[in-house]
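Shown next: model.txt, given as compact mmCIF, C-alpha atoms.
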# COMPACT_ATOMS: atom_id res chain seq x y z
CA MET L 1 91.08 32.27 67.06
CA SER L 2 92.07 29.40 69.39
CA PHE L 3 91.50 26.94 66.53
CA PHE L 4 94.22 28.74 64.55
CA LYS L 5 96.65 29.31 67.42
CA ASP L 6 100.31 29.78 66.46
CA LEU L 7 99.25 30.90 62.97
CA ASN L 8 99.48 34.49 61.75
CA VAL L 9 96.07 34.47 60.11
CA GLY L 10 92.72 36.18 60.40
CA TYR L 11 89.36 34.45 60.70
CA LYS L 12 85.79 35.69 60.42
CA ALA L 13 82.89 33.31 61.19
CA GLY L 14 80.01 32.81 58.78
CA ASP L 15 77.79 35.89 58.40
CA LYS L 16 74.15 35.68 57.32
CA THR L 17 74.23 39.28 56.03
CA CYS L 18 76.56 38.13 53.22
CA TYR L 19 73.52 36.47 51.64
CA SER L 20 70.53 38.34 50.30
CA GLY L 21 67.87 37.90 47.65
CA ARG L 22 64.21 37.99 46.75
CA ILE L 23 61.84 38.11 49.70
CA THR L 24 59.09 35.49 49.55
CA ALA L 25 56.55 34.12 52.00
CA LEU L 26 57.46 30.58 50.95
CA LYS L 27 60.44 28.86 52.51
CA ASN L 28 63.04 26.77 50.69
CA GLN L 29 62.87 28.96 47.58
CA TYR L 30 66.24 30.74 47.59
CA TRP L 31 69.69 30.11 48.99
CA HIS L 32 69.63 33.15 51.26
CA GLN L 33 66.60 31.73 53.06
CA GLU L 34 68.19 28.39 53.94
CA MET L 35 71.88 29.16 54.33
CA LEU L 36 73.20 28.40 57.83
CA VAL L 37 76.23 30.19 59.27
CA ALA L 38 78.63 29.19 62.05
CA ASP L 39 82.09 29.46 63.53
CA ILE L 40 84.38 26.57 62.60
CA ILE L 41 85.00 25.82 66.29
CA ASP L 42 81.28 25.04 66.62
CA LEU L 43 81.29 22.44 63.84
CA GLU L 44 80.57 19.56 66.23
CA ASN L 45 77.33 21.32 67.19
CA ASN L 46 76.16 21.31 63.55
CA LYS L 47 75.54 17.59 63.24
CA SER L 48 73.01 18.02 60.42
CA THR L 49 75.44 19.88 58.15
CA ASN L 50 76.28 18.00 54.94
CA ILE L 51 78.28 20.64 53.11
CA GLY L 52 80.54 23.40 54.43
CA ILE L 53 81.53 26.56 52.57
CA ILE L 54 84.79 28.22 53.59
CA GLY L 55 86.33 31.36 52.08
CA TYR L 56 90.05 31.70 51.35
CA VAL L 57 90.63 35.45 51.42
CA CYS L 58 94.10 35.54 49.92
CA ASP L 59 95.73 36.70 46.72
CA THR L 60 99.33 36.79 47.95
CA GLY L 61 100.05 33.70 45.84
CA VAL L 62 98.74 35.50 42.76
CA GLN L 63 100.88 38.54 43.55
CA ARG L 64 103.97 36.37 43.96
CA ASN L 65 103.11 34.79 40.60
CA GLN L 66 102.99 38.24 38.97
CA GLY L 67 99.25 37.99 38.35
CA ARG L 68 96.49 40.56 38.71
CA ILE L 69 95.60 40.88 42.37
CA GLY L 70 92.02 41.15 43.61
CA ALA L 71 91.11 37.49 44.16
CA GLN L 72 90.96 38.05 47.93
CA LYS L 73 87.57 39.65 47.23
CA GLY L 74 86.33 36.49 45.50
CA PRO L 75 84.50 34.82 48.42
CA LYS L 76 82.42 37.91 49.17
CA SER L 77 81.49 38.37 45.50
CA MET L 78 80.48 34.70 45.14
CA ARG L 79 78.26 34.82 48.23
CA HIS L 80 76.51 37.91 46.87
CA LYS L 81 75.39 35.93 43.82
CA LEU L 82 74.82 32.60 45.57
CA GLY L 83 72.20 33.98 47.95
CA LYS L 84 70.00 34.97 45.02
CA LEU L 85 69.89 31.54 43.38
CA PRO L 86 66.75 29.40 43.62
CA ILE L 87 66.99 26.11 45.52
CA HIS L 88 66.62 22.83 43.63
CA PHE L 89 68.49 20.48 45.97
CA LYS L 90 66.82 18.30 48.60
CA ASN L 91 67.87 16.98 52.00
CA LYS L 92 71.06 19.06 52.11
CA LYS L 93 72.11 21.32 54.97
CA ILE L 94 74.76 23.83 53.94
CA THR L 95 76.67 25.88 56.47
CA ASP L 96 78.95 28.81 55.71
CA PHE L 97 81.89 28.67 58.11
CA GLY L 98 83.21 32.08 57.13
CA ASP L 99 86.60 33.23 55.89
CA ILE L 100 90.24 32.51 56.53
CA ILE L 101 92.04 35.79 55.91
CA CYS L 102 95.66 36.23 54.85
CA ILE L 103 97.55 38.68 57.09
CA ASP L 104 100.86 40.40 56.29
CA GLU L 105 101.09 38.49 52.99
CA ASN L 106 101.74 35.32 55.01
CA LEU L 107 100.54 32.83 52.41
CA GLU L 108 102.01 29.83 54.20
CA ASP L 109 100.08 30.37 57.45
CA CYS L 110 96.88 31.05 55.49
CA GLN L 111 97.34 27.72 53.71
CA LYS L 112 97.96 25.92 57.02
CA ALA L 113 94.78 27.43 58.46
CA LEU L 114 92.72 26.28 55.48
CA SER L 115 94.27 22.80 55.72
CA LYS L 116 93.21 22.57 59.37
CA THR L 117 89.69 23.63 58.40
CA ILE L 118 89.42 21.13 55.53
CA HIS L 119 90.66 18.37 57.84
CA LYS L 120 88.09 19.28 60.49
CA LEU L 121 85.23 19.37 57.97
CA ILE L 122 86.08 16.02 56.39
CA THR L 123 86.58 14.21 59.71
CA ASN L 124 83.15 15.47 60.79
CA GLY L 125 81.49 14.07 57.67
CA VAL L 126 81.14 17.41 55.88
CA LEU L 127 81.98 17.98 52.20
CA PRO L 128 84.13 21.14 51.98
CA ILE L 129 83.64 23.69 49.21
CA ALA L 130 86.42 26.25 49.51
CA ILE L 131 86.19 29.55 47.63
CA GLY L 132 89.31 31.54 46.68
CA GLY L 133 91.42 33.38 46.39
CA GLY L 134 94.38 32.25 44.31
CA HIS L 135 94.93 28.71 43.11
CA ASP L 136 97.44 28.23 45.92
CA ILE L 137 94.21 27.19 47.67
CA ALA L 138 94.84 23.76 46.11
CA TYR L 139 97.98 23.05 48.14
CA ALA L 140 96.08 23.86 51.33
CA ASN L 141 93.00 21.84 50.40
CA PHE L 142 95.07 18.80 49.44
CA ASN L 143 97.03 18.84 52.70
CA GLY L 144 93.80 18.99 54.66
CA ILE L 145 92.50 15.96 52.77
CA LYS L 146 95.78 14.10 53.29
CA GLU L 147 95.68 14.74 57.03
CA ALA L 148 92.07 13.55 57.23
CA LEU L 149 93.02 10.28 55.52
CA LYS L 150 96.30 9.60 57.33
CA ASN L 151 94.85 6.69 59.34
CA VAL L 152 92.75 5.31 56.49
CA SER L 153 94.05 2.39 54.43
CA LYS L 154 92.42 3.54 51.20
CA ASN L 155 94.02 6.94 50.93
CA LYS L 156 95.19 7.42 47.36
CA ILE L 157 93.99 10.86 46.29
CA GLY L 158 93.07 11.73 42.72
CA ILE L 159 93.21 15.42 41.84
CA ILE L 160 90.96 16.64 39.04
CA ASN L 161 91.94 20.16 38.03
CA PHE L 162 89.82 22.17 35.58
CA ASP L 163 92.37 24.73 34.45
CA ALA L 164 94.14 26.37 31.52
CA HIS L 165 97.44 25.94 33.41
CA PHE L 166 99.28 22.98 34.88
CA ASP L 167 100.37 25.05 37.92
CA LEU L 168 103.43 22.80 38.05
CA ARG L 169 106.15 25.40 38.46
CA ALA L 170 108.91 24.43 40.86
CA VAL L 171 109.27 26.65 43.93
CA GLU L 172 112.25 28.93 43.34
CA THR L 173 112.05 31.37 46.24
CA GLN L 174 108.48 31.22 47.58
CA PRO L 175 105.38 29.15 46.80
CA ASN L 176 102.74 30.92 44.72
CA SER L 177 99.57 30.31 42.73
CA GLY L 178 101.56 28.60 39.98
CA THR L 179 103.32 26.02 42.19
CA PRO L 180 100.66 24.03 44.12
CA PHE L 181 100.65 20.82 42.11
CA HIS L 182 104.44 20.65 41.82
CA GLN L 183 104.57 20.97 45.61
CA ILE L 184 101.95 18.25 46.06
CA LEU L 185 103.54 15.79 43.63
CA SER L 186 107.02 16.42 45.05
CA GLU L 187 105.96 15.91 48.66
CA HIS L 188 103.52 13.00 48.35
CA THR L 189 103.44 9.63 46.61
CA HIS L 190 99.83 8.48 47.07
CA VAL L 191 98.43 10.98 44.57
CA ASN L 192 97.48 11.09 40.88
CA TYR L 193 96.88 14.33 38.99
CA PHE L 194 94.59 14.90 35.98
CA ALA L 195 94.36 18.38 34.43
CA ILE L 196 91.43 19.22 32.16
CA GLY L 197 91.55 22.16 29.74
CA ILE L 198 95.29 22.73 29.39
CA GLN L 199 96.12 25.46 26.87
CA GLN L 200 99.40 25.12 25.00
CA GLN L 201 99.83 28.89 24.78
CA ALA L 202 99.43 29.23 28.55
CA ASN L 203 102.17 26.72 29.49
CA THR L 204 105.87 26.63 28.62
CA LYS L 205 107.69 23.64 27.14
CA GLU L 206 109.30 23.16 30.55
CA LEU L 207 105.87 22.73 32.18
CA PHE L 208 104.90 20.07 29.63
CA GLU L 209 108.21 18.33 30.38
CA ILE L 210 107.51 18.47 34.13
CA ALA L 211 104.03 17.06 33.48
CA ALA L 212 105.55 14.15 31.55
CA GLU L 213 108.21 13.56 34.22
CA LYS L 214 105.61 13.45 37.00
CA LYS L 215 103.22 11.32 34.91
CA VAL L 216 100.46 13.90 34.92
CA SER L 217 97.37 13.02 32.89
CA TYR L 218 95.81 15.88 30.96
CA VAL L 219 93.54 16.85 28.12
CA SER L 220 93.96 19.94 25.98
CA SER L 221 91.35 22.67 25.85
CA LEU L 222 90.94 21.62 22.21
CA ASP L 223 89.59 18.31 23.47
CA CYS L 224 87.03 20.01 25.70
CA GLU L 225 84.56 21.04 23.02
CA ALA L 226 82.27 18.26 24.22
CA PHE L 227 82.28 15.84 27.12
CA ASP L 228 82.62 12.82 24.86
CA GLU L 229 83.13 9.09 25.34
CA THR L 230 86.91 9.38 24.92
CA LEU L 231 87.22 11.76 27.85
CA LYS L 232 84.77 9.71 29.91
CA SER L 233 86.94 6.64 29.36
CA LYS L 234 90.11 8.47 30.42
CA LEU L 235 88.43 9.80 33.55
CA GLN L 236 86.95 6.40 34.39
CA ASN L 237 90.39 4.80 34.21
CA PHE L 238 91.73 7.56 36.45
CA ILE L 239 88.91 7.15 38.98
CA GLU L 240 89.44 3.39 39.18
CA ASN L 241 93.06 3.91 40.26
CA VAL L 242 92.38 6.25 43.20
CA ASP L 243 90.35 6.03 46.40
CA VAL L 244 89.00 9.58 46.65
CA LEU L 245 88.65 12.56 44.32
CA TYR L 246 89.56 16.15 45.02
CA ILE L 247 88.04 18.54 42.46
CA THR L 248 89.55 21.98 41.96
CA ILE L 249 88.21 24.49 39.45
CA ASP L 250 90.33 27.42 38.31
CA LEU L 251 87.94 29.89 36.72
CA ASP L 252 90.58 30.96 34.19
CA GLY L 253 90.02 27.62 32.48
CA PHE L 254 86.74 29.01 31.18
CA SER L 255 86.60 31.24 28.15
CA ALA L 256 86.69 34.90 29.14
CA ALA L 257 83.23 35.17 27.59
CA TYR L 258 82.01 33.35 30.71
CA ALA L 259 84.74 34.31 33.19
CA PRO L 260 86.34 37.71 32.55
CA GLY L 261 86.92 38.30 36.27
CA VAL L 262 90.03 36.17 36.81
CA SER L 263 93.72 36.81 37.29
CA ALA L 264 94.67 35.42 33.86
CA PRO L 265 91.73 35.60 31.41
CA SER L 266 91.77 33.81 28.07
CA THR L 267 89.67 34.00 24.91
CA LEU L 268 90.10 30.22 24.70
CA GLY L 269 88.74 27.82 27.30
CA PHE L 270 85.87 25.49 28.06
CA THR L 271 82.19 26.32 28.57
CA PRO L 272 80.10 26.01 31.74
CA ASN L 273 78.03 23.25 30.11
CA PHE L 274 81.16 21.17 29.55
CA VAL L 275 82.16 21.47 33.21
CA TYR L 276 78.62 20.70 34.38
CA LYS L 277 78.65 17.44 32.42
CA ALA L 278 82.10 16.54 33.72
CA LEU L 279 81.06 17.26 37.32
CA ASP L 280 77.96 15.13 36.89
CA PHE L 281 80.15 12.23 35.74
CA LEU L 282 82.70 12.68 38.54
CA PHE L 283 80.10 12.86 41.32
CA GLN L 284 78.50 9.65 40.09
CA SER L 285 81.63 7.90 41.38
CA LYS L 286 80.66 8.78 45.00
CA GLN L 287 84.37 9.39 45.64
CA VAL L 288 84.49 13.19 45.82
CA ILE L 289 85.92 14.24 49.19
CA SER L 290 86.53 17.99 48.72
CA CYS L 291 86.15 20.79 46.17
CA ASP L 292 87.31 24.33 45.61
CA ILE L 293 86.86 27.17 43.14
CA ALA L 294 89.80 29.50 42.59
CA GLU L 295 90.84 32.79 41.00
CA LEU L 296 87.56 34.73 41.17
CA ASN L 297 88.73 38.35 40.84
CA PRO L 298 85.83 40.82 41.16
CA ASP L 299 88.06 43.79 40.27
CA PHE L 300 88.03 42.64 36.64
CA ASP L 301 84.56 41.11 36.48
CA ILE L 302 81.90 42.33 34.06
CA ASP L 303 78.29 42.50 35.29
CA HIS L 304 79.26 40.02 38.06
CA ARG L 305 79.47 37.40 35.31
CA THR L 306 82.32 35.41 36.85
CA ALA L 307 80.88 35.63 40.36
CA GLY L 308 77.58 34.34 38.98
CA LEU L 309 79.37 31.43 37.33
CA ALA L 310 81.20 30.57 40.56
CA ALA L 311 77.93 30.67 42.50
CA LYS L 312 76.22 28.41 39.96
CA LEU L 313 79.12 25.95 40.17
CA VAL L 314 78.69 25.82 43.95
CA ASP L 315 74.96 25.27 43.48
CA TYR L 316 75.56 22.49 40.94
CA ILE L 317 78.11 20.77 43.18
CA VAL L 318 75.61 20.84 46.05
CA GLN L 319 72.94 19.30 43.81
CA LYS L 320 75.25 16.49 42.73
CA ALA L 321 76.94 15.81 46.07
Would you give me this structure, written as structure tokens?
Amino acid sequence: MSFFKDLNVGYKAGDKTCYSGRITALKNQYWHQEMLVADIIDLENNKSTNIGIIGYVCDTGVQRNQGRIGAQKGPKSMRHKLGKLPIHFKNKKITDFGDIICIDENLEDCQKALSKTIHKLITNGVLPIAIGGGHDIAYANFNGIKEALKNVSKNKIGIINFDAHFDLRAVETQPNSGTPFHQILSEHTHVNYFAIGIQQQANTKELFEIAAEKKVSYVSSLDCEAFDETLKSKLQNFIENVDVLYITIDLDGFSAAYAPGVSAPSTLGFTPNFVYKALDFLFQSKQVISCDIAELNPDFDIDHRTAGLAAKLVDYIVQKA
């Protein structure tokens, strides 16, 4: 816990028993065979690691936002499905650095701990993939990126958010899962924000007004039927005006047919194939610096469908990184 001193937060190092799957005599067949685990304080001893997984065991932000709690169980559920997936990536070393755990509903310290972890991963040349937990994970991830780039001249961060919601609510009493991007845009200038999949019926008029005031780029869920040339052009223009990309995926942006296990499910939403194609395009830029997947809530999942989707997104990100 010395790495997180002065923070009221729990931490559990990576655990190989979280991953299981088909037993085979051949190596390099399934994730559970190749997954490395470590304590974040030992990162410098894992020089071969390319990608680091870190769990954000927290749904206090969801609770504050009057959502359905249970997302703190998301990282464990995702790992259960990820270990069973076959391996199709090459020359990648992935290490699971365990979980940051919210204690006493202290969201703010949990966010600070994740920010420190993201900063440490990036400055050691590791691509972070954080697994939530509520979408308040985004405020923590962004601040970790910002800290890692503080002495770099090219430090304009572009946020790509796959989501049904803007998450642009102003903080009234306490930050929550609906406030991260308002916090980011209010506190920082070297940042652009692009939301993909916004649903009109999931956002108030005030949120659309805030988006306009803060010059947020977005596309409606109605424009996410296909990853077409119009969207590619908008994203390309966005990419050309930033130095790095931070990709955050809120699973409630998917149709509930694919992601029933979220805090705020919707019958509307994009498909996994759409997001795959968008991720492929974004990673071609070679500018992606960090990623996260938020709002996996196993308490409301059906046949581990949402956990399976989250695991496959992690797998696809690893293949494209």
Which residues are close to L:Ser20, i.e. within 9 Å by only C-alpha atoms, leaving aside same-chain residues fewer than 5 positions away? Reply as a VMD selection string. chain L and resid 31 to 33 79 to 84
So, with all atoms listed in the file as the atoms that count, which of L:Cys291, L:Leu309, L:Ile118, L:Ser233 lies closest to L:Leu149?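 Between L:Cys291, L:Leu309, L:Ile118, L:Ser233, the residue approaching L:Leu149 most closely is L:Ile118.
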Could you tell me how far atom CA of L:Ile100 sits from atom CA of L:Gly14, in Å to one decimal place? 10.5 Å
Show me, as a Markdown table, the residues of stretch 152-226 of chain L having an atom within 12 Å of stretch 123-135 of chain L, each with the closest atom pair and its distance in Å, using all atoms listed in the file.
| residue | atom | partner | partner_atom | distance |
| --- | --- | --- | --- | --- |
| L:Val152 | CA | L:Thr123 | CA | 11.3 |
| L:Asn161 | CA | L:His135 | CA | 10.4 |
| L:Phe162 | CA | L:His135 | CA | 11.2 |
| L:Asp163 | CA | L:His135 | CA | 9.9 |
| L:Ala164 | CA | L:His135 | CA | 11.9 |
| L:His165 | CA | L:His135 | CA | 10.4 |
| L:Phe166 | CA | L:His135 | CA | 10.9 |
| L:Asp167 | CA | L:His135 | CA | 8.4 |
| L:Leu168 | CA | L:His135 | CA | 11.5 |
| L:Pro175 | CA | L:His135 | CA | 11.1 |
| L:Asn176 | CA | L:His135 | CA | 8.3 |
| L:Ser177 | CA | L:His135 | CA | 4.9 |
| L:Gly178 | CA | L:His135 | CA | 7.3 |
| L:Thr179 | CA | L:His135 | CA | 8.9 |
| L:Pro180 | CA | L:His135 | CA | 7.5 |
| L:Phe181 | CA | L:His135 | CA | 9.8 |
Just the number, please: distance in Å from atom CA of L:Asp315 to atom CA of L:Ile94, one decimal.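 According to the coordinates, atom CA of L:Asp315 and atom CA of L:Ile94 are separated by 10.6 Å.
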Near L:Ser285, counting only C-alpha atoms, which residues have an atom at most 9 Å away, once you skip same-chain residues fewer than 2 positions from it, shown as a list in words?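 Those residues are Gln236, Ile239, Leu245, Phe281, Leu282, Phe283, Gln287 and Val288 of chain L.
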Go ahead and save the residues from that selection, with C-alpha atoms, as an mmCIF file, keeping the file's coordinate frame.
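Result file out_30.cif:
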data_model
loop_
_atom_site.group_PDB
_atom_site.id
_atom_site.type_symbol
_atom_site.label_atom_id
_atom_site.label_comp_id
_atom_site.auth_asym_id
_atom_site.auth_seq_id
_atom_site.Cartn_x
_atom_site.Cartn_y
_atom_site.Cartn_z
ATOM 1 C CA GLN L 236 86.950 6.400 34.390
ATOM 2 C CA ILE L 239 88.910 7.150 38.980
ATOM 3 C CA LEU L 245 88.650 12.560 44.320
ATOM 4 C CA PHE L 281 80.150 12.230 35.740
ATOM 5 C CA LEU L 282 82.700 12.680 38.540
ATOM 6 C CA PHE L 283 80.100 12.860 41.320
ATOM 7 C CA GLN L 287 84.370 9.390 45.640
ATOM 8 C CA VAL L 288 84.490 13.190 45.820
#
